[in-house]
file model-v7.cif (mmCIF, C-alpha atoms)
data_model
#
loop_
_atom_site.label_atom_id
_atom_site.label_comp_id
_atom_site.auth_asym_id
_atom_site.auth_seq_id
_atom_site.Cartn_x
_atom_site.Cartn_y
_atom_site.Cartn_z
CA MET A 1 0.38 -40.79 -37.11
CA ASN A 2 2.63 -38.21 -35.51
CA TRP A 3 5.67 -38.28 -33.33
CA LEU A 4 3.98 -38.38 -29.97
CA GLY A 5 1.69 -41.12 -31.20
CA TRP A 6 4.68 -43.21 -32.26
CA LEU A 7 6.43 -42.74 -28.97
CA ASN A 8 3.24 -43.65 -27.15
CA THR A 9 2.90 -46.83 -29.23
CA PHE A 10 6.54 -47.64 -28.60
CA PHE A 11 6.61 -47.15 -24.88
CA THR A 12 3.28 -48.84 -24.16
CA ASP A 13 4.01 -51.98 -26.20
CA PRO A 14 4.22 -54.90 -23.71
CA ALA A 15 7.20 -56.34 -25.62
CA ARG A 16 9.17 -53.32 -24.41
CA HIS A 17 8.66 -54.20 -20.78
CA SER A 18 9.88 -57.77 -20.54
CA GLY A 19 11.90 -60.29 -22.52
CA PRO A 20 14.91 -59.69 -24.78
CA ASP A 21 13.35 -56.67 -26.47
CA ALA A 22 12.62 -54.88 -23.19
CA ILE A 23 13.86 -51.31 -22.98
CA THR A 24 15.87 -51.94 -19.81
CA HIS A 25 17.54 -54.96 -21.42
CA ARG A 26 18.46 -53.03 -24.57
CA ILE A 27 19.83 -50.13 -22.53
CA ALA A 28 21.92 -52.56 -20.47
CA GLU A 29 23.30 -54.12 -23.69
CA HIS A 30 24.04 -50.70 -25.11
CA LEU A 31 25.82 -49.56 -21.96
CA ALA A 32 27.79 -52.82 -21.82
CA PHE A 33 29.18 -52.24 -25.34
CA CYS A 34 30.01 -48.65 -24.50
CA GLY A 35 31.52 -49.43 -21.11
CA GLU A 36 33.76 -52.14 -22.50
CA ALA A 37 34.91 -49.97 -25.40
CA LEU A 38 35.61 -47.02 -23.11
CA LEU A 39 37.51 -49.18 -20.64
CA TRP A 40 39.79 -50.48 -23.39
CA SER A 41 40.23 -47.00 -24.79
CA VAL A 42 41.23 -45.63 -21.38
CA LEU A 43 43.65 -48.51 -20.82
CA LEU A 44 45.23 -47.92 -24.21
CA ALA A 45 45.16 -44.15 -24.54
CA VAL A 46 45.78 -42.77 -21.06
CA PRO A 47 49.12 -44.47 -20.23
CA LEU A 48 50.38 -43.73 -23.74
CA GLY A 49 49.15 -40.15 -23.47
CA LEU A 50 50.87 -39.68 -20.10
CA LEU A 51 54.13 -40.93 -21.57
CA ILE A 52 53.95 -38.83 -24.74
CA GLY A 53 52.69 -35.74 -22.93
CA TYR A 54 55.38 -35.88 -20.27
CA THR A 55 58.33 -36.63 -22.54
CA GLY A 56 57.00 -34.53 -25.42
CA ARG A 57 58.14 -37.23 -27.83
CA GLY A 58 55.83 -38.43 -30.55
CA ALA A 59 53.36 -35.57 -30.17
CA VAL A 60 53.44 -34.95 -33.92
CA ALA A 61 52.70 -38.61 -34.60
CA VAL A 62 49.70 -38.38 -32.26
CA THR A 63 48.25 -35.46 -34.21
CA ALA A 64 48.67 -37.28 -37.51
CA LEU A 65 47.24 -40.52 -36.16
CA THR A 66 44.15 -38.91 -34.68
CA GLY A 67 43.49 -37.10 -37.94
CA VAL A 68 43.44 -40.40 -39.79
CA ALA A 69 41.41 -42.12 -37.06
CA ARG A 70 38.73 -39.44 -37.19
CA ALA A 71 38.34 -40.07 -40.90
CA LEU A 72 37.68 -43.81 -40.49
CA PRO A 73 34.00 -44.59 -41.02
CA THR A 74 32.61 -46.67 -38.16
CA LEU A 75 30.08 -48.45 -40.35
CA GLY A 76 32.91 -49.69 -42.56
CA LEU A 77 34.94 -50.89 -39.60
CA VAL A 78 31.95 -52.70 -38.06
CA THR A 79 31.05 -54.53 -41.27
CA LEU A 80 34.68 -55.41 -41.97
CA THR A 81 35.32 -56.75 -38.44
CA VAL A 82 32.19 -58.88 -38.61
CA LEU A 83 33.26 -60.41 -41.92
CA LEU A 84 36.75 -61.07 -40.60
CA ALA A 85 36.06 -62.04 -36.97
CA GLY A 86 32.41 -63.07 -37.00
CA VAL A 87 29.45 -61.61 -35.13
CA GLY A 88 30.42 -61.07 -31.52
CA GLY A 89 31.82 -58.68 -28.98
CA THR A 90 34.93 -57.88 -31.04
CA ALA A 91 32.83 -56.67 -33.95
CA VAL A 92 31.68 -53.61 -32.00
CA LEU A 93 34.66 -53.32 -29.72
CA VAL A 94 37.26 -52.68 -32.44
CA PRO A 95 35.44 -49.82 -34.21
CA LEU A 96 34.32 -48.23 -30.96
CA VAL A 97 37.82 -48.27 -29.51
CA ALA A 98 39.12 -46.86 -32.80
CA LEU A 99 36.58 -44.09 -32.32
CA ALA A 100 37.14 -43.38 -28.62
CA ALA A 101 40.87 -43.88 -28.11
CA PRO A 102 42.18 -41.05 -30.35
CA PRO A 103 40.31 -38.13 -28.72
CA LEU A 104 41.25 -39.55 -25.33
CA LEU A 105 44.90 -39.77 -26.33
CA VAL A 106 44.89 -36.17 -27.59
CA ALA A 107 43.19 -34.95 -24.42
CA THR A 108 45.71 -36.72 -22.18
CA VAL A 109 48.70 -35.43 -24.16
CA GLU A 110 47.33 -31.90 -24.26
CA GLY A 111 46.42 -31.94 -20.58
CA ILE A 112 49.87 -33.09 -19.51
CA ARG A 113 51.66 -30.73 -21.88
CA GLY A 114 49.43 -27.89 -20.73
CA THR A 115 50.70 -28.07 -17.16
CA ASP A 116 52.31 -24.77 -16.25
CA PRO A 117 56.06 -25.33 -16.84
CA GLU A 118 56.88 -23.20 -13.80
CA VAL A 119 54.80 -25.50 -11.62
CA ARG A 120 56.60 -28.49 -13.08
CA ASP A 121 59.97 -26.89 -12.47
CA ALA A 122 58.99 -26.01 -8.92
CA ALA A 123 57.93 -29.60 -8.28
CA ARG A 124 61.27 -30.84 -9.60
CA GLY A 125 63.01 -28.13 -7.56
CA ILE A 126 61.58 -29.31 -4.25
CA GLY A 127 63.01 -32.73 -5.00
CA LEU A 128 60.13 -34.73 -6.51
CA THR A 129 61.10 -37.53 -8.87
CA HIS A 130 59.80 -37.58 -12.44
CA ARG A 131 57.27 -40.20 -11.45
CA GLN A 132 56.03 -38.06 -8.57
CA VAL A 133 55.82 -34.99 -10.78
CA LEU A 134 53.85 -36.88 -13.42
CA PHE A 135 51.34 -38.50 -11.07
CA GLY A 136 51.26 -35.88 -8.31
CA VAL A 137 51.40 -32.66 -10.32
CA CYS A 138 50.80 -33.11 -14.04
CA LEU A 139 48.03 -35.70 -13.82
CA PRO A 140 45.81 -33.73 -11.41
CA ALA A 141 46.40 -30.59 -13.47
CA ALA A 142 45.47 -32.48 -16.62
CA LEU A 143 42.29 -33.94 -15.12
CA PRO A 144 39.82 -31.36 -16.50
CA THR A 145 41.17 -31.83 -20.03
CA LEU A 146 41.18 -35.58 -19.57
CA VAL A 147 37.62 -35.69 -18.30
CA ALA A 148 36.51 -33.43 -21.16
CA GLY A 149 38.17 -35.83 -23.59
CA LEU A 150 36.48 -38.76 -21.92
CA ARG A 151 33.15 -36.95 -22.25
CA THR A 152 33.62 -36.46 -25.98
CA ALA A 153 34.62 -40.10 -26.35
CA THR A 154 31.69 -41.37 -24.27
CA VAL A 155 29.09 -39.38 -26.16
CA GLN A 156 30.46 -40.48 -29.50
CA VAL A 157 30.60 -44.10 -28.42
CA ILE A 158 27.01 -44.05 -27.11
CA ALA A 159 25.83 -42.50 -30.37
CA THR A 160 27.83 -44.83 -32.59
CA ALA A 161 27.11 -48.10 -30.77
CA THR A 162 23.73 -47.82 -32.52
CA VAL A 163 25.43 -48.98 -35.70
CA ALA A 164 26.23 -52.34 -34.04
CA ALA A 165 22.64 -53.39 -34.61
CA TYR A 166 23.23 -53.38 -38.35
CA VAL A 167 25.40 -56.48 -38.07
CA GLY A 168 22.96 -58.26 -35.79
CA LEU A 169 24.16 -57.22 -32.37
CA GLY A 170 21.95 -55.89 -29.58
CA GLY A 171 21.72 -52.53 -27.92
CA LEU A 172 19.38 -49.64 -28.62
CA GLY A 173 20.29 -49.73 -32.30
CA ARG A 174 18.11 -52.86 -32.54
CA TYR A 175 14.96 -50.74 -32.28
CA VAL A 176 16.25 -48.31 -34.89
CA MET A 177 17.38 -50.95 -37.39
CA ASP A 178 14.48 -53.36 -36.90
CA GLY A 179 12.08 -50.46 -37.14
CA LEU A 180 13.68 -49.33 -40.39
CA ALA A 181 13.62 -52.85 -41.82
CA THR A 182 9.96 -53.49 -41.03
CA LYS A 183 8.75 -49.90 -41.52
CA ASP A 184 7.85 -49.89 -37.83
CA PHE A 185 8.36 -46.19 -37.26
CA PRO A 186 7.31 -46.19 -33.59
CA ALA A 187 10.22 -48.54 -32.79
CA THR A 188 12.66 -46.48 -34.83
CA ALA A 189 11.58 -43.22 -33.25
CA GLY A 190 11.56 -44.69 -29.76
CA GLY A 191 15.02 -46.20 -30.19
CA ALA A 192 16.41 -42.95 -31.57
CA LEU A 193 14.94 -41.01 -28.66
CA LEU A 194 16.43 -43.44 -26.14
CA VAL A 195 19.91 -43.08 -27.67
CA VAL A 196 19.59 -39.31 -27.57
CA LEU A 197 18.49 -39.42 -23.94
CA LEU A 198 21.38 -41.70 -23.03
CA ALA A 199 23.87 -39.38 -24.74
CA VAL A 200 22.42 -36.34 -23.00
CA ALA A 201 22.48 -38.17 -19.65
CA ALA A 202 26.16 -38.95 -20.19
CA GLN A 203 26.84 -35.28 -20.98
CA LEU A 204 25.12 -34.22 -17.76
CA LEU A 205 27.01 -36.82 -15.75
CA PHE A 206 30.32 -35.50 -17.01
CA ALA A 207 29.28 -31.89 -16.46
CA ALA A 208 28.54 -32.82 -12.83
CA LEU A 209 31.84 -34.67 -12.58
CA LEU A 210 33.75 -31.64 -13.87
CA ARG A 211 31.89 -29.45 -11.44
CA TYR A 212 32.05 -31.48 -8.25
CA GLY A 213 34.49 -34.33 -8.78
CA LEU A 214 37.73 -32.45 -9.39
CA PRO A 215 40.46 -32.06 -6.77
CA PRO A 216 39.73 -29.03 -4.52
CA GLY A 217 42.69 -27.01 -5.83
CA LEU A 218 41.44 -27.25 -9.40
CA ARG A 219 37.88 -26.41 -8.44
CA ALA A 220 39.06 -23.21 -6.77
CA GLN A 221 41.11 -22.37 -9.87
CA ARG A 222 38.16 -22.91 -12.20
CA ARG A 223 35.88 -20.77 -10.03
CA ALA A 224 38.46 -17.99 -10.04
CA ALA A 225 38.85 -18.27 -13.80
CA ARG A 226 35.10 -18.02 -14.31
CA ARG A 227 34.90 -14.92 -12.14
CA GLY A 228 37.91 -13.30 -13.79
CA MET B 1 35.09 -66.52 -46.41
CA ASP B 2 37.17 -69.57 -47.36
CA GLY B 3 39.24 -68.99 -50.43
CA GLU B 4 38.09 -65.40 -50.65
CA PRO B 5 41.12 -63.07 -50.59
CA LEU B 6 40.97 -59.97 -48.42
CA VAL B 7 41.30 -57.78 -51.50
CA ARG B 8 40.42 -58.73 -55.07
CA TRP B 9 42.51 -56.28 -57.01
CA LYS B 10 40.84 -57.23 -60.27
CA TRP B 11 37.43 -56.12 -58.98
CA LEU B 12 38.90 -52.75 -58.02
CA GLY B 13 40.44 -52.35 -61.46
CA ASP B 14 37.16 -53.21 -63.15
CA HIS B 15 35.11 -50.77 -61.07
CA LEU B 16 37.26 -47.62 -61.05
CA GLY B 17 34.58 -45.50 -62.69
CA TYR B 18 31.93 -46.72 -60.27
CA LEU B 19 34.15 -46.00 -57.25
CA TRP B 20 34.97 -42.55 -58.58
CA SER B 21 31.33 -41.63 -59.05
CA LEU B 22 30.51 -42.82 -55.50
CA THR B 23 33.40 -40.73 -54.19
CA LEU B 24 32.08 -37.61 -55.95
CA ASP B 25 28.62 -38.37 -54.63
CA HIS B 26 30.03 -38.72 -51.13
CA ALA B 27 32.01 -35.48 -51.38
CA GLY B 28 28.89 -33.55 -52.34
CA LEU B 29 26.77 -35.19 -49.67
CA ALA B 30 29.31 -34.49 -46.92
CA LEU B 31 30.81 -31.16 -47.92
CA LEU B 32 27.82 -29.17 -49.14
CA PRO B 33 26.40 -29.21 -45.58
CA VAL B 34 29.74 -27.89 -44.27
CA LEU B 35 29.58 -25.05 -46.81
CA ILE B 36 26.02 -24.19 -45.82
CA ALA B 37 27.00 -24.32 -42.15
CA LEU B 38 29.87 -21.92 -42.85
CA LEU B 39 27.51 -19.47 -44.55
CA VAL B 40 25.22 -19.62 -41.51
CA ALA B 41 28.02 -19.59 -38.93
CA LEU B 42 29.60 -16.35 -40.18
CA PRO B 43 26.64 -13.96 -39.63
CA LEU B 44 25.44 -15.90 -36.60
CA GLY B 45 28.94 -15.86 -35.13
CA LEU B 46 29.18 -12.11 -35.67
CA LEU B 47 25.95 -11.65 -33.81
CA CYS B 48 27.02 -14.00 -31.03
CA ALA B 49 30.41 -12.33 -30.59
CA ARG B 50 28.53 -9.10 -29.85
CA LEU B 51 25.76 -10.60 -27.76
CA PRO B 52 27.06 -13.11 -25.18
CA ARG B 53 23.50 -13.44 -23.90
CA LEU B 54 22.48 -14.92 -27.25
CA TYR B 55 25.61 -17.03 -27.54
CA GLN B 56 25.40 -18.90 -24.25
CA PRO B 57 22.06 -20.64 -24.83
CA LEU B 58 22.93 -21.26 -28.50
CA ALA B 59 26.25 -22.83 -27.51
CA ALA B 60 24.44 -25.09 -25.04
CA VAL B 61 21.91 -26.16 -27.69
CA PHE B 62 24.62 -26.97 -30.23
CA ASN B 63 26.54 -28.87 -27.58
CA VAL B 64 23.56 -31.19 -27.25
CA VAL B 65 23.04 -31.32 -31.03
CA TYR B 66 26.61 -32.49 -31.49
CA ALA B 67 25.93 -35.36 -29.11
CA LEU B 68 22.94 -36.64 -31.07
CA PRO B 69 23.63 -39.96 -32.78
CA SER B 70 23.67 -39.43 -36.52
CA LEU B 71 21.76 -42.59 -37.35
CA ALA B 72 19.02 -41.67 -34.90
CA VAL B 73 18.71 -38.19 -36.38
CA PHE B 74 18.59 -39.48 -39.95
CA VAL B 75 15.83 -41.87 -38.98
CA VAL B 76 13.88 -39.26 -37.08
CA LEU B 77 13.93 -36.94 -40.11
CA ILE B 78 12.63 -39.54 -42.55
CA PRO B 79 8.93 -38.70 -42.07
CA TYR B 80 9.70 -35.05 -42.91
CA THR B 81 12.27 -35.38 -45.66
CA GLY B 82 11.40 -38.79 -47.07
CA LEU B 83 13.33 -42.05 -47.22
CA ALA B 84 16.45 -42.02 -49.39
CA THR B 85 16.39 -38.30 -50.13
CA LYS B 86 19.58 -36.30 -49.81
CA ALA B 87 17.95 -33.89 -47.36
CA THR B 88 17.58 -36.65 -44.75
CA VAL B 89 21.35 -36.86 -44.55
CA MET B 90 22.32 -33.30 -45.35
CA VAL B 91 20.14 -31.51 -42.80
CA PRO B 92 21.71 -33.26 -39.78
CA LEU B 93 25.20 -32.96 -41.26
CA THR B 94 24.66 -29.21 -41.58
CA CYS B 95 23.68 -29.05 -37.90
CA TYR B 96 26.74 -31.03 -36.83
CA ALA B 97 29.02 -28.78 -38.87
CA LEU B 98 27.33 -25.70 -37.44
CA ALA B 99 27.88 -27.06 -33.92
CA VAL B 100 31.62 -27.08 -34.64
CA LEU B 101 31.82 -23.89 -36.68
CA LEU B 102 29.80 -21.51 -34.51
CA PRO B 103 32.07 -21.70 -31.44
CA THR B 104 35.21 -21.45 -33.57
CA THR B 105 33.85 -18.39 -35.41
CA VAL B 106 32.98 -16.66 -32.16
CA GLU B 107 36.34 -17.58 -30.64
CA GLY B 108 38.12 -16.26 -33.73
CA LEU B 109 36.25 -12.96 -33.75
CA ARG B 110 36.93 -12.54 -30.05
CA SER B 111 40.62 -13.32 -30.50
CA VAL B 112 41.33 -9.75 -31.62
CA PRO B 113 42.92 -7.99 -28.62
CA GLU B 114 41.02 -4.94 -27.42
CA SER B 115 44.08 -2.76 -28.02
CA VAL B 116 44.20 -3.79 -31.68
CA ARG B 117 40.51 -3.04 -32.08
CA GLN B 118 40.98 0.38 -30.50
CA ALA B 119 43.98 1.04 -32.71
CA ALA B 120 41.87 0.28 -35.78
CA THR B 121 39.18 2.65 -34.55
CA ALA B 122 41.80 5.31 -33.85
CA MET B 123 43.07 4.98 -37.41
CA GLY B 124 39.59 5.94 -38.57
CA TYR B 125 38.15 2.50 -39.38
CA GLY B 126 34.40 2.36 -39.11
CA PRO B 127 32.79 -0.74 -37.60
CA TRP B 128 32.26 -2.44 -41.00
CA ARG B 129 35.69 -1.73 -42.34
CA ARG B 130 37.24 -2.85 -39.09
CA LEU B 131 35.27 -6.05 -39.34
CA ALA B 132 36.43 -6.73 -42.90
CA ALA B 133 40.04 -5.66 -42.47
CA VAL B 134 40.86 -6.67 -38.90
CA GLU B 135 38.41 -9.00 -37.22
CA LEU B 136 37.54 -11.37 -40.06
CA PRO B 137 41.15 -11.97 -41.12
CA ALA B 138 42.02 -12.61 -37.47
CA ALA B 139 39.27 -15.22 -37.34
CA VAL B 140 40.46 -17.06 -40.47
CA PRO B 141 42.91 -19.45 -38.73
CA TYR B 142 40.23 -20.35 -36.17
CA LEU B 143 37.63 -20.81 -38.88
CA ILE B 144 39.89 -23.07 -40.87
CA SER B 145 40.74 -25.24 -37.89
CA GLY B 146 37.00 -25.52 -37.25
CA LEU B 147 36.38 -26.34 -40.90
CA ARG B 148 38.97 -29.10 -40.77
CA VAL B 149 37.21 -30.82 -37.86
CA ALA B 150 33.76 -30.25 -39.37
CA ALA B 151 34.70 -31.47 -42.86
CA VAL B 152 36.52 -34.61 -41.74
CA SER B 153 33.78 -35.70 -39.35
CA SER B 154 31.11 -34.86 -41.91
CA ILE B 155 32.82 -37.10 -44.44
CA SER B 156 32.96 -40.02 -42.04
CA LEU B 157 29.40 -39.42 -40.74
CA ALA B 158 27.89 -39.23 -44.21
CA ALA B 159 28.73 -42.92 -44.67
CA VAL B 160 26.15 -43.79 -42.02
CA GLY B 161 23.56 -42.26 -44.34
CA ALA B 162 23.81 -45.46 -46.37
CA LEU B 163 21.58 -47.10 -43.75
CA VAL B 164 18.77 -44.73 -44.74
CA GLY B 165 19.51 -45.05 -48.45
CA GLN B 166 21.84 -42.08 -49.07
CA GLY B 167 25.43 -42.54 -48.13
CA GLY B 168 27.75 -42.18 -51.10
CA LEU B 169 30.68 -44.44 -50.32
CA GLY B 170 28.80 -45.78 -47.30
CA TYR B 171 26.81 -47.88 -49.76
CA LEU B 172 29.94 -49.98 -50.28
CA PHE B 173 29.84 -51.09 -46.64
CA ILE B 174 26.29 -52.36 -46.95
CA ASP B 175 26.93 -53.93 -50.33
CA GLY B 176 30.12 -55.63 -49.12
CA PHE B 177 28.49 -56.84 -45.92
CA GLN B 178 25.50 -58.34 -47.72
CA ARG B 179 27.75 -60.13 -50.21
CA THR B 180 30.45 -60.96 -47.59
CA PHE B 181 32.86 -59.27 -49.96
CA THR B 182 35.68 -57.59 -47.98
CA THR B 183 37.21 -55.92 -51.04
CA VAL B 184 34.24 -53.58 -51.35
CA ILE B 185 34.28 -52.64 -47.66
CA LEU B 186 38.02 -52.01 -47.66
CA ALA B 187 37.71 -49.90 -50.80
CA GLY B 188 35.03 -47.86 -49.03
CA ILE B 189 37.09 -47.35 -45.88
CA VAL B 190 40.18 -46.33 -47.84
CA LEU B 191 38.27 -43.98 -50.13
CA VAL B 192 36.46 -42.29 -47.22
CA ALA B 193 39.77 -41.82 -45.42
CA LEU B 194 41.45 -40.53 -48.59
CA LEU B 195 38.62 -38.09 -49.26
CA ALA B 196 38.93 -36.81 -45.69
CA LEU B 197 42.70 -36.47 -45.95
CA ALA B 198 42.48 -34.67 -49.29
CA THR B 199 39.92 -32.23 -47.91
CA ASP B 200 42.06 -31.67 -44.85
CA LEU B 201 45.13 -30.97 -46.99
CA LEU B 202 43.18 -28.48 -49.12
CA LEU B 203 42.11 -26.64 -45.98
CA VAL B 204 45.66 -26.52 -44.64
CA LEU B 205 46.70 -25.12 -48.01
CA ALA B 206 43.89 -22.57 -47.83
CA ARG B 207 45.15 -21.45 -44.43
CA ARG B 208 48.64 -20.95 -45.84
CA LEU B 209 47.22 -18.77 -48.59
CA LEU B 210 44.64 -16.84 -46.58
CA ALA B 211 46.47 -16.47 -43.28
CA PRO B 212 50.21 -16.95 -43.81
CA TRP B 213 50.92 -15.23 -40.49
CA ALA B 214 49.17 -17.97 -38.55
CA VAL B 215 51.61 -20.56 -39.83
CA ARG B 216 54.54 -18.37 -38.95
CA GLU B 217 53.27 -17.61 -35.44
CA LYS B 218 52.79 -21.27 -34.75
CA GLY B 219 56.30 -22.03 -35.91
CA ALA B 220 57.74 -19.27 -33.76
CA ALA B 221 55.93 -20.47 -30.67
CA ARG B 222 57.58 -23.87 -30.79
#
call {"tool": "encode", "arguments": {"input": "model-v7.cif", "output": "C-alpha cells"}}
result
Amino acid sequence: MNWLGWLNTFFTDPARHSGPDAITHRIAEHLAFCGEALLWSVLLAVPLGLLIGYTGRGAVAVTALTGVARALPTLGLVTLTVLLAGVGGTAVLVPLVALAAPPLLVATVEGIRGTDPEVRDAARGIGLTHRQVLFGVCLPAALPTLVAGLRTATVQVIATATVAAYVGLGGLGRYVMDGLATKDFPATAGGALLVVLLAVAAQLLFAALLRYGLPPGLRAQRRAARRG
Amino acid sequence: MDGEPLVRWKWLGDHLGYLWSLTLDHAGLALLPVLIALLVALPLGLLCARLPRLYQPLAAVFNVVYALPSLAVFVVLIPYTGLATKATVMVPLTCYALAVLLPTTVEGLRSVPESVRQAATAMGYGPWRRLAAVELPAAVPYLISGLRVAAVSSISLAAVGALVGQGGLGYLFIDGFQRTFTTVILAGIVLVALLALATDLLLVLARRLLAPWAVREKGAAR
C-alpha cells in the first residue's frame, strides 16, 4: 500500500466524518488547545516584553531564560504535568505555553528595543508621555516583529500539540498516536498530513496579516524597503 | 502518586551509568544531523549567496519544512526508513537544522561589505582565496549563532523520537509516564536541558576562538 492509498483509506473512512473521531472534531480540538495556549502566552509575554523592551531592564535575563526554555523537551513536560496534575487541559497548556511564550517575549522585547531612538526622542520632544510613546509609537513600530514572533510561536504550538495525544488527550495527534499503536498507517499518515496542512495554513494566514494587516505607515515603509 | 516522592535520589544514584549512556545516545542522535546539515549548508549557502534566484525558492521550501511537526515527519518516514531505526529520527532533524543553517550561512556570506570585497580583489586575491580569507571568516559569527539555535532545538526535538522508538533521553519520558515514576521524567528533562546548555556553551567558546572580533564588536556596540 502506498501513500496515496493510505490517505484515500483515511479520508474515505466513515468514522472520519461523524462522531468523536471525525476530522472536523479533531481539528476543532487541536485548534482549541493551540488557541488557549497562545492566548495565555500572549497575555504573559507581551506585557512583560513591552515593559522590558521599553525600560531596557532585564533584557539579559530574557535571553538566558529563552535559551533554557528552548532546551526543555515538550514530551517531558507533558508527561510530567499529567503525572502531577492529571489528564486534562493543564497537561497540554503548561508545556505549550512554555514553548510559545519565550519566542513571543523575545520578539516583543526586540521589536520595542528596535524602534528608531530618534523617533522615540522626537515623540518625547513633542510632549508625549512615556505611556503614549510606548503604545502610540513603539508598539506600532514593533508590530511586524511581534507578529513574526507570534507566527513562530503558532506554528510550533500547532506542530507540538500533536504530542498531547500521547497522554490521552484529543486533537490531531490522536490519529497519529492511535495509528502508531495499532499499526494503522492510514490514520497515522492522514493525521500527520492534517497537522502539516494546519501549520502551513497558519503560516499563510500570518503572511497575509503581515502583508495587509499592518498600520498603513508600516506597510509603506516595508514596500520602500523591499524596493530599495 | 500517593507516597511517591517527586524525586527518588536513590534511583538516580543507582542508574548513573544508564543515564550517561542515554545522554551519549541522545547527543549522537541530535548532533550528528546538525553536523551533516552544516556540511550541506556551506556549499549550498555559497551557491545561494551568488544566485538569489536559487535562494528564494529554497528559502521558501525550508520555511515550510521548519513548520512541519516533528512527530508527524518521523511517522511519515517510517515506511521508508523502518520503525525504530536511527534514520527515521535523523533525516528530519537534518532537514530542520538545514532550515536554520542555510539562511544564516547566506546572511553571513552576504555580510561582507562590497568595499571590503573590492579591497580584497584589489590586493590581488582571487575568488577562492578571497572566499577562504575574507568571506568565510566573516560568516563564522553568523554560522555559530545559527548552529546554536539548530543544535539546541535538535536536542529537544530528538526526544520526540522516543515515540517512534528512537529518542535517546526521550525514552525516559515514556518509561516514567508508563510507570508513573516522576523521577525518571525529571531526570530526562534536566539531562536534555543540560546537554543543550553544554552544547550551547561549547559553541559560544568556539566563537570566541574562531571569531574573537565578533565578541569585541558586540561589546563595543553596547
call {"tool": "resolve_selection", "arguments": {"input": "model-v7.cif", "expression": "the PyMOL selection byres ((chain B and resi 22) around 9)", "output": "list in words"}}
result
Gly17, Tyr18, Leu19, Trp20, Ser21, Thr23, Leu24, Asp25, His26, Ala27, Gly167, Gly168, Leu169, Gly170, Tyr171 and Leu172 of chain B
call {"tool": "interface_residues", "arguments": {"input": "model-v7.cif", "of": "chain B", "to": "chain A", "cutoff": "6 Å", "atoms": "only C-alpha atoms", "output": "ChimeraX atom specification"}}
result
/B:67-69,72,76,152,156,173,177,189,193,196
call {"tool": "residues_around", "arguments": {"input": "model-v7.cif", "residues": "Val147 of chain A", "least_positions_apart": "3", "cutoff": "10 Å", "atoms": "all atoms listed in the file", "output": "PDB file with C-alpha atoms, in the coordinates of the input"}}
result
ATOM      1  CA  LEU A 104      41.250 -39.550 -25.330  1.00  0.00           C
ATOM      2  CA  ALA A 107      43.190 -34.950 -24.420  1.00  0.00           C
ATOM      3  CA  THR A 108      45.710 -36.720 -22.180  1.00  0.00           C
ATOM      4  CA  GLY A 111      46.420 -31.940 -20.580  1.00  0.00           C
ATOM      5  CA  ALA A 142      45.470 -32.480 -16.620  1.00  0.00           C
ATOM      6  CA  LEU A 143      42.290 -33.940 -15.120  1.00  0.00           C
ATOM      7  CA  PRO A 144      39.820 -31.360 -16.500  1.00  0.00           C
ATOM      8  CA  LEU A 150      36.480 -38.760 -21.920  1.00  0.00           C
ATOM      9  CA  ARG A 151      33.150 -36.950 -22.250  1.00  0.00           C
ATOM     10  CA  THR A 152      33.620 -36.460 -25.980  1.00  0.00           C
ATOM     11  CA  ALA A 153      34.620 -40.100 -26.350  1.00  0.00           C
ATOM     12  CA  PHE A 206      30.320 -35.500 -17.010  1.00  0.00           C
ATOM     13  CA  ALA A 207      29.280 -31.890 -16.460  1.00  0.00           C
ATOM     14  CA  LEU A 209      31.840 -34.670 -12.580  1.00  0.00           C
ATOM     15  CA  LEU A 210      33.750 -31.640 -13.870  1.00  0.00           C
ATOM     16  CA  LEU A 214      37.730 -32.450  -9.390  1.00  0.00           C
TER      17      LEU A 214
END
call {"tool": "residues_around", "arguments": {"input": "model-v7.cif", "residues": "segment 28-37 of chain A", "least_positions_apart": "3", "cutoff": "9 Å", "atoms": "all atoms listed in the file", "output": "list in words"}}
result
Ile23, Thr24, His25, Trp40, Ser41, Val42, Gly89, Val92, Leu93, Val94, Pro95, Leu96, Val97, Ala100, Ala101, Thr154, Val157, Ile158, Ala161, Thr162, Gly170, Gly171, Leu172 and Gly173 of chain A
call {"tool": "residues_around", "arguments": {"input": "model-v7.cif", "residues": "Ala138 of chain B", "least_positions_apart": "6", "cutoff": "10 Å", "atoms": "only C-alpha atoms", "output": "PyMOL selection string"}}
result
chain B and resi 108-112+131-132+211+213-214
call {"tool": "closest_residue", "arguments": {"input": "model-v7.cif", "among": "B:Leu47, B:Ala159, B:Leu186, B:Leu143", "to": "Ser70 of chain B", "atoms": "all atoms listed in the file"}}
result
B:Ala159
call {"tool": "atom_distance", "arguments": {"input": "model-v7.cif", "atom1": "atom CA of Tyr96 of chain B", "atom2": "atom CA of Ala201 of chain A"}}
result
19.1 Å
call {"tool": "atom_distance", "arguments": {"input": "model-v7.cif", "atom1": "atom CA of Leu71 of chain B", "atom2": "atom CA of Thr9 of chain A"}}
result
21.0 Å
call {"tool": "residues_around", "arguments": {"input": "model-v7.cif", "residues": "Trp9 of chain B", "least_positions_apart": "3", "cutoff": "12 Å", "atoms": "all atoms listed in the file", "output": "VMD selection string"}}
result
chain B and resid 4 to 6 12 to 16 182 to 184 186 to 187
call {"tool": "residues_around", "arguments": {"input": "model-v7.cif", "residues": "Asp13 of chain A", "least_positions_apart": "6", "cutoff": "10 Å", "atoms": "only C-alpha atoms", "output": "PyMOL selection string"}}
result
chain A and resi 7+22+186-187
call {"tool": "atom_distance", "arguments": {"input": "model-v7.cif", "atom1": "atom CA of Ala84 of chain B", "atom2": "atom CA of Ile27 of chain A"}}
result
28.3 Å
call {"tool": "closest_residue", "arguments": {"input": "model-v7.cif", "among": "A:Pro140, A:Pro20, A:Pro216, A:Pro14", "to": "Thr115 of chain A", "atoms": "only C-alpha atoms"}}
result
A:Pro140
call {"tool": "closest_residue", "arguments": {"input": "model-v7.cif", "among": "A:Gly136, A:Gly19, A:Gly88, A:Gly149", "to": "Val109 of chain A", "atoms": "all atoms listed in the file"}}
result
A:Gly149
call {"tool": "decode", "arguments": {"input": "model-v7.cif", "residues": "segment 49-57 of chain A", "atoms": "C-alpha atoms", "output": "mmCIF file, in the first residue's frame"}}
result
data_model
loop_
_atom_site.group_PDB
_atom_site.id
_atom_site.type_symbol
_atom_site.label_atom_id
_atom_site.label_comp_id
_atom_site.auth_asym_id
_atom_site.auth_seq_id
_atom_site.Cartn_x
_atom_site.Cartn_y
_atom_site.Cartn_z
ATOM 1 C CA GLY A 49 8.032 42.218 26.793
ATOM 2 C CA LEU A 50 6.676 45.768 26.468
ATOM 3 C CA LEU A 51 7.952 46.593 29.937
ATOM 4 C CA ILE A 52 11.392 45.045 29.456
ATOM 5 C CA GLY A 53 11.788 46.386 25.931
ATOM 6 C CA TYR A 54 10.844 49.922 26.887
ATOM 7 C CA THR A 55 12.883 50.165 30.079
ATOM 8 C CA GLY A 56 15.730 48.028 28.755
ATOM 9 C CA ARG A 57 15.952 46.338 32.145
#
